[in-house]
Amino acid sequence: MSRRVLQRQIMPADKDVDVLPLYVDPDPISLDADKYTIGGNRGAKDLNNSQIRQKTSSGETIHPDQITGRHGVRVEAREQLSLGTYFNGFPAGYWRRWTIVEQVRLTVTLQGAGGSVVVYRSMANGRSQRVDTATSAGSEPTDFVFDLTLVPFVDGGWYWYDVVAADEPVEVTAVWDTEVPEDRVTPGSLAVAITTMNRPEMCADLLAQLGSEEETFALLDEVFVADQGTKKVRDADRFAAAEEALGGRLRVVDQGNIGGSGGYARGQSEAVQRGSATYVMCMDDDVVCEPQSIVRAVTFADLAKRPTIVGGHMFSIYDRARLHSYGEIVQRYKFWWRSPVTVYNDWDFAARNLRSARWLHRRIDVDFNGWFMCVIPRETLERVGLSLPIFIKWDDSEFGLRAAEAGYPTVSFPGAAVWHIPWSDKNDALDWQAYFHHRNRLIAALLHSPYPRGGGFVQESFAHTVKHLVAMQYSTVELRHLALEDVFAGPSLLHEELPTKLADINAFRKQWADAVLEPARDAFPPVRRTKPPKRGKDDTEIPTKPALALNAVVNTLRQLSPARPLSREYPETEIPAVDGKWYHLAKYDSAVVSMPDGTSAAFYQRDPEHFRDLLRRTVEIHRRLAREWPELSRQYRDSLAEITSPEVWEKTFMRSTQSDPTKGAR
């Protein structure tokens with residue numbers, strides 16, 4: 001047996017004050033109420049859910065100058081600081097459930113007379129207990145060692161430590177390690193697979209981050225970039241420095257745009273063929289990475305009881321202490337991805353710390369992890385195949401389900417994370433992505449739904465299509481129909497159409513006004529309406545559930561009536577993206593609607609004749625889907641091994657590269 005480091009105390013490399021709440025915490029614990037104390041009363045539960053998100057932080061923080069290095073921080077005289085934070089707490093429940101580790105050793109080094117360290121643990125319900133304490137006698141660096149068992153963490157819980165300074169400042173560093181068998185001492189190696197599309201500067205910055213620290217760099221077998229854009233990463237101002245930092249381990253390959261799934265599959269395939277890396281890490285090109293996250297993810301995977309996919313969490317790149325994704329599951333009956341029911345999305349660590357958030361202490365089990373940061377054992381790829389050839393959306397979630405069915409679980413691991421644009425700042429249900437989202441979700445359901453005829457999938461698909469229909473989003477409905485028609489055509493066309501489908505979709509959708517985007521508001525006529533709002537009411541109020549049901553019936557029937565003549569020339573209202581819900585849009589015969597990215601808007605116009613035709617086709621195509629589900633499911637399941645095989649993917653890569661005028665490798 002030998003000792004292996006599991007986790008080091010870390011501080012933000014750039015001393016960014018926005019992320020300090022993820023590393024250090026000067027505030028006390030203010031634990032929210034236990035749900036079993038609240039009881040089953042709905043009003044009480046709603047009130048508690050609101051209180052859980054209320055800010056408890058004092059707003060105090062440390063001065064950046066207190067950060068003494070990548071691993072050290074200074075606690076000023078007569079101050080107290082907790083390291084029970086996202087990046088410096090130890091997620092004992094995850095190590096207990098998924099790895100061979102049974103006991104850990106925490107070594108805290110204090111420099112400063114009279115400094116004290118207090119070790120705590122939490123239970124899965126968030127309640128904390130004091131475990132041990134020690135105090136330094138002199139000013140010289142002193143190591144305090146705590147041997148800590150993982151036995152009582154079956155459902156979750158964390159270890160952490162607080163440091164208290166006496167009459168002089170105390171500098172603190174710390175390491176968590178454990179004894180492991182000799183065959184688990186040497187870290188596995190990592191092939192990083194990045195897909196980039198016209199984000200050369202962001203991609204170059206990410207490459208520099210991967211080579212910025214020796215411990216991370218030592219893990220790298222190869223960093224592979226599939227560059228599918230016209231703006232090449234090699235041309236970025238900071239690319240040369242990033243390439244030098246990676247010391248010959250960077251390889252960039254140009255290929256045609258075959259989507260995220262095509263880029264990730266290329267990286268996966270290259271790593272499988274190369275055969276030297278233990279793991280393949282899929283990573284987005286537009287993330288900001290905490291390099292130690294990679295070290296932690298690989299360490300966790302190395303010590304897992306069985307080969308395990310280890311993913312990171314996502315923080316918002318705009319509000320950097322805000323946790324956007326803490327784990328994902330697929331709700332099997334409706335076949336929607338979502339967060340587990342115990343997760344509070346969009347959690348702000350600057351408002352309420354980890355020790356005060358009861359839900360964060362319970363272990364969260366997931367079905368998959370997004371490929372913005374996800375470490376996959378190479379043997380998993382060799383056994384279950386590469387990504388589905390589906391361009392974007394559902395490639396990572398389908399792979400997680402497929403891997404789990406083959407015995408490879410996924411863990412979204414606390415303390416490993418990236419910063420990324422939040423999904424809430426996008427809307428992939430309206431633009432060209434609507435086709436891929438709907439088609440790929442259906443393919444994943446055909447492959448993995450445990451329910452006859454997909455459970456509630458067909459009804460959900462029908463309901464969502466009608467919502468787009470009454471919202472005058474005719475191009476989206478046409479794309480959803482096209483998605484279903486292409487699924488009926490079978491899996492054999494997925495590879496064949498991968499390089500051309502995006503162009504075909506963009507040309508197809510431009511037939512309808514709601515897909516014609518203009519960057520300037522003045523491109524559209526001014527708002528004019530025949531009558532003012534009834535009693536001057538605000539048209540953007542959120543309706544109650546009974547009103548929503550009535551709204552659905554009344555406004556669906558209203559779509560059959562003739563449109564008001566003035567609406568053929570002038571929009572009746574302007575609706576910002578945040579209010580672009582179907583129940584708002586359904587009231588109007590025309591509207592200027594802005595897009596979620598804030599760059600453009602479209603002029604929606606109600607067309608009763610087109611509505612009738614689309615509604616009829618919507619009914620027919622969903623009846624067909626329900627009728628043909630068993631046969632379609634059999635076709636896709638029978639073809640899965642072939643369409644995800646490296647051999648078939650290799651032909652697609654070759655066609656893509658041959659069709660790309662900038663083809664080549666470096």
# chains A, B, ... in the order shown; residues from 1 in each chain; ligands from 1
>>> residues_around(residues="region 204-211 of chain A", least_positions_apart="5", cutoff="12 Å", atoms="only C-alpha atoms", output="VMD selection string")
chain A and resid 13 to 14 190 to 196 198 to 199 216 to 225 227 232 to 252 281 283 to 295 418 to 420
>>> select_by_dssp(residues="region 28-150 of chain A", states="helix (DSSP H, G or I)", output="number ranges by chain")
A: 35-38, 42-52, 64-66, 92-98
>>> write_last_selection(atoms="C-alpha atoms", output="mmCIF file, in the first residue's frame")
data_model
loop_
_atom_site.group_PDB
_atom_site.id
_atom_site.type_symbol
_atom_site.label_atom_id
_atom_site.label_comp_id
_atom_site.auth_asym_id
_atom_site.auth_seq_id
_atom_site.Cartn_x
_atom_site.Cartn_y
_atom_site.Cartn_z
ATOM 1 C CA LYS A 35 -38.327 19.191 5.107
ATOM 2 C CA TYR A 36 -39.672 16.731 7.659
ATOM 3 C CA THR A 37 -39.962 19.565 10.158
ATOM 4 C CA ILE A 38 -41.868 21.603 7.582
ATOM 5 C CA ARG A 42 -48.199 23.039 0.549
ATOM 6 C CA GLY A 43 -48.109 26.612 1.781
ATOM 7 C CA ALA A 44 -45.440 25.743 4.339
ATOM 8 C CA LYS A 45 -43.377 23.955 1.706
ATOM 9 C CA ASP A 46 -43.626 26.893 -0.697
ATOM 10 C CA LEU A 47 -42.574 29.290 2.046
ATOM 11 C CA ASN A 48 -39.627 27.081 2.991
ATOM 12 C CA ASN A 49 -38.482 26.784 -0.628
ATOM 13 C CA SER A 50 -38.494 30.556 -0.826
ATOM 14 C CA GLN A 51 -36.574 30.916 2.434
ATOM 15 C CA ILE A 52 -33.969 28.379 1.328
ATOM 16 C CA PRO A 64 -7.169 39.040 -2.387
ATOM 17 C CA ASP A 65 -3.801 39.788 -0.804
ATOM 18 C CA GLN A 66 -4.551 37.113 1.798
ATOM 19 C CA ALA A 92 -17.020 12.258 1.614
ATOM 20 C CA GLY A 93 -20.363 10.793 0.521
ATOM 21 C CA TYR A 94 -19.203 10.464 -3.082
ATOM 22 C CA TRP A 95 -15.897 8.850 -2.130
ATOM 23 C CA ARG A 96 -17.776 6.460 0.176
ATOM 24 C CA ARG A 97 -20.310 5.379 -2.466
ATOM 25 C CA TRP A 98 -18.228 5.085 -5.613
#
>>> closest_atom_pairs(of="region 485-526 of chain A", to="region 594-610 of chain A", cutoff="10 Å", atoms="only C-alpha atoms", output="JSON lines")
{"residue": "A:Trp512", "atom": "CA", "partner": "A:Tyr604", "partner_atom": "CA", "distance": 9.0}
{"residue": "A:Ala513", "atom": "CA", "partner": "A:Tyr604", "partner_atom": "CA", "distance": 6.2}
{"residue": "A:Asp514", "atom": "CA", "partner": "A:Tyr604", "partner_atom": "CA", "distance": 5.0}
{"residue": "A:Ala515", "atom": "CA", "partner": "A:Ala602", "partner_atom": "CA", "distance": 6.7}
{"residue": "A:Val516", "atom": "CA", "partner": "A:Ala602", "partner_atom": "CA", "distance": 5.9}
{"residue": "A:Leu517", "atom": "CA", "partner": "A:Ala602", "partner_atom": "CA", "distance": 4.9}
{"residue": "A:Glu518", "atom": "CA", "partner": "A:Ser600", "partner_atom": "CA", "distance": 5.3}
{"residue": "A:Pro519", "atom": "CA", "partner": "A:Ser600", "partner_atom": "CA", "distance": 4.1}
{"residue": "A:Ala520", "atom": "CA", "partner": "A:Ser600", "partner_atom": "CA", "distance": 6.8}
{"residue": "A:Arg521", "atom": "CA", "partner": "A:Ala601", "partner_atom": "CA", "distance": 7.2}
{"residue": "A:Ala523", "atom": "CA", "partner": "A:Ala601", "partner_atom": "CA", "distance": 9.5}
{"residue": "A:Phe524", "atom": "CA", "partner": "A:Phe603", "partner_atom": "CA", "distance": 7.1}
{"residue": "A:Pro525", "atom": "CA", "partner": "A:Phe603", "partner_atom": "CA", "distance": 9.2}
>>> residues_around(residues="Trp347 (chain A)", least_positions_apart="4", cutoff="12 Å", atoms="only C-alpha atoms", output="JSON, numbers by chain")
{"A": [22, 52, 53, 54, 55, 86, 313, 314, 315, 316, 319, 320, 321, 322, 323, 324, 325, 326, 343, 351, 352, 353, 354, 357, 359, 360]}
>>> write_last_selection(atoms="N, CA and C atoms", output="mmCIF file, in the first residue's frame")
data_model
loop_
_atom_site.group_PDB
_atom_site.id
_atom_site.type_symbol
_atom_site.label_atom_id
_atom_site.label_comp_id
_atom_site.auth_asym_id
_atom_site.auth_seq_id
_atom_site.Cartn_x
_atom_site.Cartn_y
_atom_site.Cartn_z
ATOM 1 N N LEU A 22 -16.396 30.277 -3.575
ATOM 2 C CA LEU A 22 -16.239 28.859 -3.900
ATOM 3 C C LEU A 22 -15.007 28.247 -3.254
ATOM 4 N N ILE A 52 -35.227 29.075 1.607
ATOM 5 C CA ILE A 52 -33.969 28.379 1.328
ATOM 6 C C ILE A 52 -33.067 29.217 0.426
ATOM 7 N N ARG A 53 -33.668 29.962 -0.487
ATOM 8 C CA ARG A 53 -32.880 30.762 -1.431
ATOM 9 C C ARG A 53 -32.565 32.167 -0.905
ATOM 10 N N GLN A 54 -33.061 32.517 0.263
ATOM 11 C CA GLN A 54 -32.780 33.841 0.792
ATOM 12 C C GLN A 54 -31.312 33.961 1.189
ATOM 13 N N LYS A 55 -30.780 35.137 0.980
ATOM 14 C CA LYS A 55 -29.372 35.380 1.258
ATOM 15 C C LYS A 55 -29.088 35.337 2.755
ATOM 16 N N TYR A 86 -17.172 24.852 -1.815
ATOM 17 C CA TYR A 86 -17.310 23.950 -2.958
ATOM 18 C C TYR A 86 -15.971 23.347 -3.367
ATOM 19 N N HIS A 313 -19.223 19.878 -12.648
ATOM 20 C CA HIS A 313 -20.393 20.740 -12.576
ATOM 21 C C HIS A 313 -20.177 21.997 -13.410
ATOM 22 N N MET A 314 -21.258 22.727 -13.626
ATOM 23 C CA MET A 314 -21.196 23.941 -14.428
ATOM 24 C C MET A 314 -21.578 25.157 -13.588
ATOM 25 N N PHE A 315 -20.675 26.142 -13.540
ATOM 26 C CA PHE A 315 -20.980 27.444 -12.977
ATOM 27 C C PHE A 315 -21.192 28.438 -14.119
ATOM 28 N N SER A 316 -21.933 29.494 -13.825
ATOM 29 C CA SER A 316 -22.198 30.515 -14.836
ATOM 30 C C SER A 316 -20.946 31.334 -15.095
ATOM 31 N N ASP A 319 -21.909 35.000 -13.835
ATOM 32 C CA ASP A 319 -22.085 35.211 -12.393
ATOM 33 C C ASP A 319 -21.375 34.046 -11.725
ATOM 34 N N ARG A 320 -20.091 34.199 -11.466
ATOM 35 C CA ARG A 320 -19.197 33.048 -11.357
ATOM 36 C C ARG A 320 -19.312 32.264 -10.050
ATOM 37 N N ALA A 321 -20.053 32.771 -9.079
ATOM 38 C CA ALA A 321 -20.297 31.987 -7.869
ATOM 39 C C ALA A 321 -21.633 31.270 -7.941
ATOM 40 N N ARG A 322 -22.291 31.336 -9.093
ATOM 41 C CA ARG A 322 -23.623 30.759 -9.255
ATOM 42 C C ARG A 322 -23.525 29.398 -9.940
ATOM 43 N N LEU A 323 -23.979 28.359 -9.248
ATOM 44 C CA LEU A 323 -23.944 26.990 -9.759
ATOM 45 C C LEU A 323 -25.140 26.757 -10.674
ATOM 46 N N HIS A 324 -24.869 26.446 -11.927
ATOM 47 C CA HIS A 324 -25.960 26.284 -12.893
ATOM 48 C C HIS A 324 -26.397 24.826 -13.044
ATOM 49 N N SER A 325 -25.460 23.917 -13.017
ATOM 50 C CA SER A 325 -25.810 22.503 -13.184
ATOM 51 C C SER A 325 -25.060 21.658 -12.165
ATOM 52 N N TYR A 326 -25.817 20.930 -11.330
ATOM 53 C CA TYR A 326 -25.220 20.093 -10.290
ATOM 54 C C TYR A 326 -25.490 18.605 -10.546
ATOM 55 N N VAL A 343 -32.365 18.750 -6.172
ATOM 56 C CA VAL A 343 -31.415 19.791 -6.550
ATOM 57 C C VAL A 343 -32.129 21.137 -6.695
ATOM 58 N N ALA A 351 -24.536 33.906 -1.933
ATOM 59 C CA ALA A 351 -25.670 34.263 -1.089
ATOM 60 C C ALA A 351 -25.840 33.307 0.087
ATOM 61 N N ARG A 352 -25.641 32.022 -0.153
ATOM 62 C CA ARG A 352 -25.781 31.029 0.916
ATOM 63 C C ARG A 352 -24.694 29.979 0.747
ATOM 64 N N ASN A 353 -23.871 29.802 1.779
ATOM 65 C CA ASN A 353 -22.704 28.938 1.648
ATOM 66 C C ASN A 353 -23.075 27.458 1.678
ATOM 67 N N LEU A 354 -22.111 26.646 1.324
ATOM 68 C CA LEU A 354 -22.333 25.205 1.245
ATOM 69 C C LEU A 354 -22.780 24.626 2.580
ATOM 70 N N ALA A 357 -26.549 25.069 3.196
ATOM 71 C CA ALA A 357 -27.505 24.547 2.216
ATOM 72 C C ALA A 357 -27.686 23.055 2.437
ATOM 73 N N TRP A 359 -29.516 20.780 1.130
ATOM 74 C CA TRP A 359 -29.612 19.886 -0.024
ATOM 75 C C TRP A 359 -28.250 19.505 -0.592
ATOM 76 N N LEU A 360 -27.235 20.360 -0.416
ATOM 77 C CA LEU A 360 -25.915 20.081 -0.982
ATOM 78 C C LEU A 360 -25.166 18.975 -0.247
#
>>> closest_residue(among="A:Asp486, A:Asp396, A:Glu76, A:Asp16", to="Val330 (chain A)", atoms="only C-alpha atoms")
A:Asp396
>>> select_by_dssp(residues="region 372-539 of chain A", states="strand (DSSP E)", output="list in words")
Met373, Cys374, Val375, Ile376, Pro377, Thr410, Val411, Ser412, Phe413, Pro414, Gly415, Ala416, Ala417, Val418, Trp419 and His420 of chain A
>>> write_last_selection(atoms="C-alpha atoms", output="PDB file, in the first residue's frame")
ATOM      1  CA  MET A 373     -16.477  18.541 -18.885  1.00  0.00           C
ATOM      2  CA  CYS A 374     -16.729  14.777 -18.710  1.00  0.00           C
ATOM      3  CA  VAL A 375     -14.034  12.122 -18.176  1.00  0.00           C
ATOM      4  CA  ILE A 376     -14.857   8.803 -19.897  1.00  0.00           C
ATOM      5  CA  PRO A 377     -12.774   5.622 -19.447  1.00  0.00           C
ATOM      6  CA  THR A 410     -21.749   8.338 -14.199  1.00  0.00           C
ATOM      7  CA  VAL A 411     -20.823  10.523 -11.228  1.00  0.00           C
ATOM      8  CA  SER A 412     -21.130  14.328 -11.293  1.00  0.00           C
ATOM      9  CA  PHE A 413     -18.358  15.052  -8.839  1.00  0.00           C
ATOM     10  CA  PRO A 414     -18.351  18.028  -6.426  1.00  0.00           C
ATOM     11  CA  GLY A 415     -15.131  20.019  -6.452  1.00  0.00           C
ATOM     12  CA  ALA A 416     -14.650  19.525 -10.206  1.00  0.00           C
ATOM     13  CA  ALA A 417     -16.209  22.234 -12.354  1.00  0.00           C
ATOM     14  CA  VAL A 418     -15.976  24.683 -15.230  1.00  0.00           C
ATOM     15  CA  TRP A 419     -17.530  28.065 -15.945  1.00  0.00           C
ATOM     16  CA  HIS A 420     -19.801  28.122 -18.993  1.00  0.00           C
TER      17      HIS A 420
END
>>> residues_around(residues="Glu270 (chain A)", least_positions_apart="2", cutoff="10 Å", atoms="only C-alpha atoms", output="PyMOL selection string")
chain A and resi 191+193+222+224+264-268+272-275+280+646+650
>>> write_last_selection(atoms="C-alpha atoms", output="PDB file, in the first residue's frame")
ATOM      1  CA  ALA A 191      -6.772  12.465 -23.812  1.00  0.00           C
ATOM      2  CA  ALA A 193     -11.228  16.006 -26.828  1.00  0.00           C
ATOM      3  CA  GLU A 222      -2.832  14.329 -25.875  1.00  0.00           C
ATOM      4  CA  PHE A 224      -7.033  16.889 -29.507  1.00  0.00           C
ATOM      5  CA  TYR A 264     -16.436  14.678 -29.882  1.00  0.00           C
ATOM      6  CA  ALA A 265     -16.702  11.401 -31.775  1.00  0.00           C
ATOM      7  CA  ARG A 266     -13.546  12.370 -33.687  1.00  0.00           C
ATOM      8  CA  GLY A 267     -11.667  12.974 -30.430  1.00  0.00           C
ATOM      9  CA  GLN A 268     -13.018   9.751 -28.947  1.00  0.00           C
ATOM     10  CA  VAL A 272      -9.311   4.768 -29.021  1.00  0.00           C
ATOM     11  CA  GLN A 273      -7.063   4.271 -32.049  1.00  0.00           C
ATOM     12  CA  ARG A 274      -4.048   5.754 -30.266  1.00  0.00           C
ATOM     13  CA  GLY A 275      -4.716   3.417 -27.342  1.00  0.00           C
ATOM     14  CA  VAL A 280     -10.980  10.649 -22.746  1.00  0.00           C
ATOM     15  CA  PRO A 646     -15.304   3.796 -34.954  1.00  0.00           C
ATOM     16  CA  GLU A 650     -14.152   7.005 -39.745  1.00  0.00           C
TER      17      GLU A 650
END
>>> residues_around(residues="Thr573 (chain A)", least_positions_apart="5", cutoff="12 Å", atoms="only C-alpha atoms", output="PyMOL selection string")
chain A and resi 524-533+538-540+567+579-580+584-594+603-605
>>> write_last_selection(atoms="N, CA and C atoms", output="PDB file, in the first residue's frame")
ATOM      1  N   PHE A 524     -38.798  46.523 -38.910  1.00  0.00           N
ATOM      2  CA  PHE A 524     -40.211  46.157 -38.841  1.00  0.00           C
ATOM      3  C   PHE A 524     -41.070  47.406 -38.683  1.00  0.00           C
ATOM      4  N   PRO A 525     -42.328  47.350 -39.087  1.00  0.00           N
ATOM      5  CA  PRO A 525     -43.227  48.486 -38.907  1.00  0.00           C
ATOM      6  C   PRO A 525     -43.472  48.771 -37.427  1.00  0.00           C
ATOM      7  N   PRO A 526     -43.954  49.969 -37.107  1.00  0.00           N
ATOM      8  CA  PRO A 526     -44.284  50.286 -35.713  1.00  0.00           C
ATOM      9  C   PRO A 526     -45.511  49.512 -35.246  1.00  0.00           C
ATOM     10  N   VAL A 527     -45.674  49.444 -33.934  1.00  0.00           N
ATOM     11  CA  VAL A 527     -46.819  48.739 -33.360  1.00  0.00           C
ATOM     12  C   VAL A 527     -48.096  49.543 -33.593  1.00  0.00           C
ATOM     13  N   ARG A 528     -49.094  48.844 -34.092  1.00  0.00           N
ATOM     14  CA  ARG A 528     -50.438  49.419 -34.207  1.00  0.00           C
ATOM     15  C   ARG A 528     -51.434  48.299 -33.950  1.00  0.00           C
ATOM     16  N   ARG A 529     -52.516  48.632 -33.246  1.00  0.00           N
ATOM     17  CA  ARG A 529     -53.531  47.618 -32.978  1.00  0.00           C
ATOM     18  C   ARG A 529     -54.905  48.248 -33.082  1.00  0.00           C
ATOM     19  N   THR A 530     -55.852  47.424 -33.445  1.00  0.00           N
ATOM     20  CA  THR A 530     -57.220  47.912 -33.649  1.00  0.00           C
ATOM     21  C   THR A 530     -57.841  48.390 -32.351  1.00  0.00           C
ATOM     22  N   LYS A 531     -57.627  47.638 -31.268  1.00  0.00           N
ATOM     23  CA  LYS A 531     -58.170  47.995 -29.969  1.00  0.00           C
ATOM     24  C   LYS A 531     -57.067  47.980 -28.923  1.00  0.00           C
ATOM     25  N   PRO A 532     -57.176  48.848 -27.926  1.00  0.00           N
ATOM     26  CA  PRO A 532     -56.191  48.793 -26.831  1.00  0.00           C
ATOM     27  C   PRO A 532     -56.449  47.585 -25.955  1.00  0.00           C
ATOM     28  N   PRO A 533     -55.505  47.221 -25.067  1.00  0.00           N
ATOM     29  CA  PRO A 533     -55.724  46.083 -24.164  1.00  0.00           C
ATOM     30  C   PRO A 533     -56.990  46.287 -23.335  1.00  0.00           C
ATOM     31  N   ASP A 538     -52.042  44.470 -18.170  1.00  0.00           N
ATOM     32  CA  ASP A 538     -50.696  44.079 -18.586  1.00  0.00           C
ATOM     33  C   ASP A 538     -50.772  42.711 -19.239  1.00  0.00           C
ATOM     34  N   ASP A 539     -50.424  42.653 -20.517  1.00  0.00           N
ATOM     35  CA  ASP A 539     -50.548  41.394 -21.256  1.00  0.00           C
ATOM     36  C   ASP A 539     -49.490  40.369 -20.883  1.00  0.00           C
ATOM     37  N   THR A 540     -48.516  40.743 -20.064  1.00  0.00           N
ATOM     38  CA  THR A 540     -47.443  39.801 -19.745  1.00  0.00           C
ATOM     39  C   THR A 540     -47.585  39.198 -18.349  1.00  0.00           C
ATOM     40  N   SER A 567     -53.290  43.723 -38.651  1.00  0.00           N
ATOM     41  CA  SER A 567     -52.141  42.909 -38.224  1.00  0.00           C
ATOM     42  C   SER A 567     -51.344  42.358 -39.393  1.00  0.00           C
ATOM     43  N   ASP A 579     -40.503  37.195 -22.130  1.00  0.00           N
ATOM     44  CA  ASP A 579     -41.958  37.029 -22.038  1.00  0.00           C
ATOM     45  C   ASP A 579     -42.537  36.271 -23.228  1.00  0.00           C
ATOM     46  N   GLY A 580     -41.685  35.671 -24.039  1.00  0.00           N
ATOM     47  CA  GLY A 580     -42.157  35.013 -25.253  1.00  0.00           C
ATOM     48  C   GLY A 580     -42.760  33.641 -25.014  1.00  0.00           C
ATOM     49  N   HIS A 584     -48.749  34.082 -23.884  1.00  0.00           N
ATOM     50  CA  HIS A 584     -48.739  35.508 -24.221  1.00  0.00           C
ATOM     51  C   HIS A 584     -48.923  35.698 -25.722  1.00  0.00           C
ATOM     52  N   LEU A 585     -48.161  34.947 -26.512  1.00  0.00           N
ATOM     53  CA  LEU A 585     -48.187  35.118 -27.960  1.00  0.00           C
ATOM     54  C   LEU A 585     -49.532  34.727 -28.569  1.00  0.00           C
ATOM     55  N   ALA A 586     -50.216  33.761 -27.953  1.00  0.00           N
ATOM     56  CA  ALA A 586     -51.461  33.244 -28.524  1.00  0.00           C
ATOM     57  C   ALA A 586     -52.575  34.284 -28.572  1.00  0.00           C
ATOM     58  N   LYS A 587     -52.429  35.386 -27.841  1.00  0.00           N
ATOM     59  CA  LYS A 587     -53.478  36.415 -27.795  1.00  0.00           C
ATOM     60  C   LYS A 587     -53.466  37.318 -29.029  1.00  0.00           C
ATOM     61  N   TYR A 588     -52.364  37.270 -29.789  1.00  0.00           N
ATOM     62  CA  TYR A 588     -52.163  38.272 -30.835  1.00  0.00           C
ATOM     63  C   TYR A 588     -52.250  37.661 -32.227  1.00  0.00           C
ATOM     64  N   ASP A 589     -52.512  38.571 -33.184  1.00  0.00           N
ATOM     65  CA  ASP A 589     -52.475  38.177 -34.589  1.00  0.00           C
ATOM     66  C   ASP A 589     -51.136  38.504 -35.229  1.00  0.00           C
ATOM     67  N   SER A 590     -50.333  39.315 -34.552  1.00  0.00           N
ATOM     68  CA  SER A 590     -48.973  39.600 -35.023  1.00  0.00           C
ATOM     69  C   SER A 590     -48.183  40.182 -33.860  1.00  0.00           C
ATOM     70  N   ALA A 591     -46.866  40.034 -33.922  1.00  0.00           N
ATOM     71  CA  ALA A 591     -46.012  40.543 -32.847  1.00  0.00           C
ATOM     72  C   ALA A 591     -44.566  40.556 -33.315  1.00  0.00           C
ATOM     73  N   VAL A 592     -43.810  41.553 -32.850  1.00  0.00           N
ATOM     74  CA  VAL A 592     -42.363  41.534 -33.004  1.00  0.00           C
ATOM     75  C   VAL A 592     -41.796  40.877 -31.748  1.00  0.00           C
ATOM     76  N   VAL A 593     -41.066  39.775 -31.929  1.00  0.00           N
ATOM     77  CA  VAL A 593     -40.566  38.984 -30.809  1.00  0.00           C
ATOM     78  C   VAL A 593     -39.047  38.938 -30.887  1.00  0.00           C
ATOM     79  N   SER A 594     -38.395  39.326 -29.807  1.00  0.00           N
ATOM     80  CA  SER A 594     -36.931  39.299 -29.780  1.00  0.00           C
ATOM     81  C   SER A 594     -36.423  37.904 -29.464  1.00  0.00           C
ATOM     82  N   PHE A 603     -40.745  38.994 -36.941  1.00  0.00           N
ATOM     83  CA  PHE A 603     -42.111  39.503 -37.056  1.00  0.00           C
ATOM     84  C   PHE A 603     -43.048  38.304 -37.217  1.00  0.00           C
ATOM     85  N   TYR A 604     -43.728  37.930 -36.132  1.00  0.00           N
ATOM     86  CA  TYR A 604     -44.665  36.816 -36.158  1.00  0.00           C
ATOM     87  C   TYR A 604     -46.009  37.299 -36.706  1.00  0.00           C
ATOM     88  N   GLN A 605     -46.633  36.473 -37.532  1.00  0.00           N
ATOM     89  CA  GLN A 605     -47.966  36.776 -38.047  1.00  0.00           C
ATOM     90  C   GLN A 605     -48.813  35.510 -38.058  1.00  0.00           C
TER      91      GLN A 605
END
>>> residues_around(residues="region 634-645 of chain A", least_positions_apart="3", cutoff="6 Å", atoms="only C-alpha atoms", output="VMD selection string")
chain A and resid 385 to 388 447 631 648
>>> closest_residue(among="A:Arg402, A:Ala429, A:Val108, A:Pro187", to="Ser475 (chain A)", atoms="only C-alpha atoms")
A:Ala429
>>> atom_distance(atom1="CA of Leu31 (chain A)", atom2="CA of Pro12 (chain A)")
26.2 Å
>>> decode(residues="region 183-208 of chain A", atoms="C-alpha atoms", output="mmCIF file, in the first residue's frame")
data_model
loop_
_atom_site.group_PDB
_atom_site.id
_atom_site.type_symbol
_atom_site.label_atom_id
_atom_site.label_comp_id
_atom_site.auth_asym_id
_atom_site.auth_seq_id
_atom_site.Cartn_x
_atom_site.Cartn_y
_atom_site.Cartn_z
ATOM 1 C CA ASP A 183 -1.745 -0.673 -8.801
ATOM 2 C CA ARG A 184 -3.762 2.484 -7.970
ATOM 3 C CA VAL A 185 -0.867 4.774 -7.153
ATOM 4 C CA THR A 186 0.074 5.942 -10.643
ATOM 5 C CA PRO A 187 -2.499 8.324 -12.146
ATOM 6 C CA GLY A 188 -4.255 7.384 -15.346
ATOM 7 C CA SER A 189 -3.490 9.431 -18.449
ATOM 8 C CA LEU A 190 -5.927 11.719 -20.201
ATOM 9 C CA ALA A 191 -6.772 12.465 -23.812
ATOM 10 C CA VAL A 192 -8.695 15.745 -23.981
ATOM 11 C CA ALA A 193 -11.228 16.006 -26.828
ATOM 12 C CA ILE A 194 -12.347 19.542 -27.698
ATOM 13 C CA THR A 195 -14.715 20.534 -30.493
ATOM 14 C CA THR A 196 -14.455 24.148 -31.617
ATOM 15 C CA MET A 197 -16.512 26.212 -34.020
ATOM 16 C CA ASN A 198 -15.509 29.835 -34.655
ATOM 17 C CA ARG A 199 -14.384 30.555 -31.097
ATOM 18 C CA PRO A 200 -10.627 30.729 -31.713
ATOM 19 C CA GLU A 201 -9.704 33.033 -28.823
ATOM 20 C CA MET A 202 -11.772 31.211 -26.205
ATOM 21 C CA CYS A 203 -10.448 27.862 -27.388
ATOM 22 C CA ALA A 204 -6.854 29.129 -27.261
ATOM 23 C CA ASP A 205 -7.420 30.389 -23.720
ATOM 24 C CA LEU A 206 -8.734 26.973 -22.692
ATOM 25 C CA LEU A 207 -5.696 25.260 -24.193
ATOM 26 C CA ALA A 208 -3.482 27.573 -22.164
#
